Amino acid sequence: METLASVMRRDNRRFKPPPSSSAAAASAGRAPLVMAFLACLAWVYVAGRLWQDAQTRAVLSGLLQKSTGNLPKEISVDDKLRDLGCTGIGRKIAEAEMDIAKAKSEGYLWGNGTGGTGTEGSGRKKFLAVIGVYTGFGSRLKRNTFRGSWMPRGDALKTLEEKGVVIRFVIGRSPNRGDSLDRNINEENRKTNDFLILESHEEAAEELPKKVKFFFSAAIEAWDAEFYVKIDDNINLDLAGLIEMLNIRRGSPGLYMGCMKSGAVVSEEEQQWYEPEWWKFGDSRTYFRHAAGSLFILSNNLARYININSASLQSYAHDDISVGSWMMGLNATYVDDDRLCCLSAVQEKVCSFG
């Protein structure tokens with residue numbers, strides 16, 4: 001049984017009176033003081049950081065003035081490049097400008113004022129023409145026939161070169177390098193010295209369309225001539241008439257000369273003259289204007305263009321189509337001369353089929 005005292009203590013706890021209003025007021029008055037104190041601390045901290053930053057800026061400004069006090073007010077382009085470490089770039093720009101000037105002097109660019117020969121100041125012997133006669137491993141009898149007819153041989157060939165005209169039989173290498181085919185050509189060339197051997201070209205039927213790129217590249221690297229002539233080995237040439245024609249055209253850059261023609265594109269694989277890239281010639285399936293492949297002539301800068309860009313030039317099934325496609329993208333002057341049409345009835349023609 002609970003005692004009277006314990007009952008009274010429980011009742012006192014249950015009915016304890018709320019705190020007096022004076023205590024609550026004292027507690028509420030302390031909060032603004034705390035907030036004001038914290039605000040002062042924050043202000044002191046920010047002020048200190050600003051003062052430190054100002055001191056740092058002052059020190060850095062003094063050091064900068066000392067280090068730049070001796071520099072000129074105006075900095076040249078060379079000084080700026082040197083400060084940025086760009087002197088290497090400057091050298092490359094200068095080298096590129098020299099390369100452009102060299103390309104212009106060599107006839108690669110138009111409007112060079114050199115007549116398209118690109119030979120002024122080069123120190124190389126200047127020729128009127130390089131004539132390349134296509135030949136193959138089984139054409140020795142044809143070569144001997146040419147040597148006994150329109151093509152000089154021996155000392156006469158050397159004399160013609162001294163007068164500015166080079167003639168060479170053009171052939172590649174055997175698919176089996178160093179075999180009897182290659183050895184026979186090497187032996188024949190030792191006796192006649194009238195071959196231009198294309199070391200990078202494989203003399204095979206399927207590689208024939210690419211031969212023209214190798215010919216013009218090799219010819220322009222070996223001889224600096226105004227004109228480069230390609231002819232097939234079934235053509236009889238009026239050499240004197242061709243030389244006269246080219247002499248008249250001296251100093252004319254960008255000439256693409258030949259018997260100009262066009263024709264149907266053969267899209268049937270089983271037919272002769274099949275063109276694997278026939279679909280590129282549109283719905284009409286007609287070739288663009290181009291010089292017939294039996295004989296055509298390029299001036300120096302056009303041949304040089306082929307040499308420089310040979311790796312990226314598209315070859316078609318026939319070399320005359322390939323050359324015609326390359327000329328379409330250039331500012332070439334097309335010269336359609338009946339005298340270069342070997343099948344024509346023109347009396348003054350310089351070529352005929354043999």
# chains A, B, ... in the order shown; residues from 1 in each chain; ligands from 1
$ select_by_dssp --residues "region 98-306 of chain A" --states "strand (DSSP E)" --output "number ranges by chain"
A: 126-134, 165-173, 195-202, 224-231, 235-237, 255-261, 290-299
$ residues_around --residues "Pro276 (chain A)" --least-positions-apart "3" --cutoff "8 Å" --atoms "only C-alpha atoms" --output "PyMOL selection string"
chain A and resi 267+269+316-317
$ closest_atom_pairs --of "region 138-248 of chain A" --to "region 286-295 of chain A" --cutoff "10 Å" --atoms "only C-alpha atoms" --output "Markdown table"
| residue | atom | partner | partner_atom | distance |
| --- | --- | --- | --- | --- |
| A:Val229 | CA | A:Leu295 | CA | 7.1 |
| A:Lys230 | CA | A:Leu295 | CA | 5.6 |
| A:Ile231 | CA | A:Leu295 | CA | 4.4 |
| A:Asp232 | CA | A:Ser294 | CA | 5.2 |
| A:Asp233 | CA | A:Ser294 | CA | 8.6 |
| A:Asn234 | CA | A:Ser294 | CA | 8.3 |
| A:Ile235 | CA | A:Ser294 | CA | 7.3 |
| A:Leu237 | CA | A:Leu295 | CA | 9.7 |
$ residues_around --residues "Ile131 (chain A)" --least-positions-apart "3" --cutoff "12 Å" --atoms "only C-alpha atoms" --output "PyMOL selection string"
chain A and resi 127-128+134+151+160-161+164-170+194-196+215-216+219-220+223+225-233+237+239+242-243+246+295-298
$ atom_distance --atom1 "CA of Gln314 (chain A)" --atom2 "CA of Glu275 (chain A)"
13.1 Å
$ closest_residue --among "A:Leu41, A:Lys125, A:Thr192, A:Asp320" --to "Lys158 (chain A)" --atoms "only C-alpha atoms"
A:Thr192
$ select_by_dssp --residues "region 145-342 of chain A" --states "helix (DSSP H, G or I)" --output "ChimeraX atom specification"
/A:145-147,155-162,180-192,205-222,239-248,278-281,300-312,319-328,338-340
$ closest_residue --among "A:Ile308, A:Trp150, A:Ala332, A:Ser139" --to "Asn184 (chain A)" --atoms "only C-alpha atoms"
A:Ser139
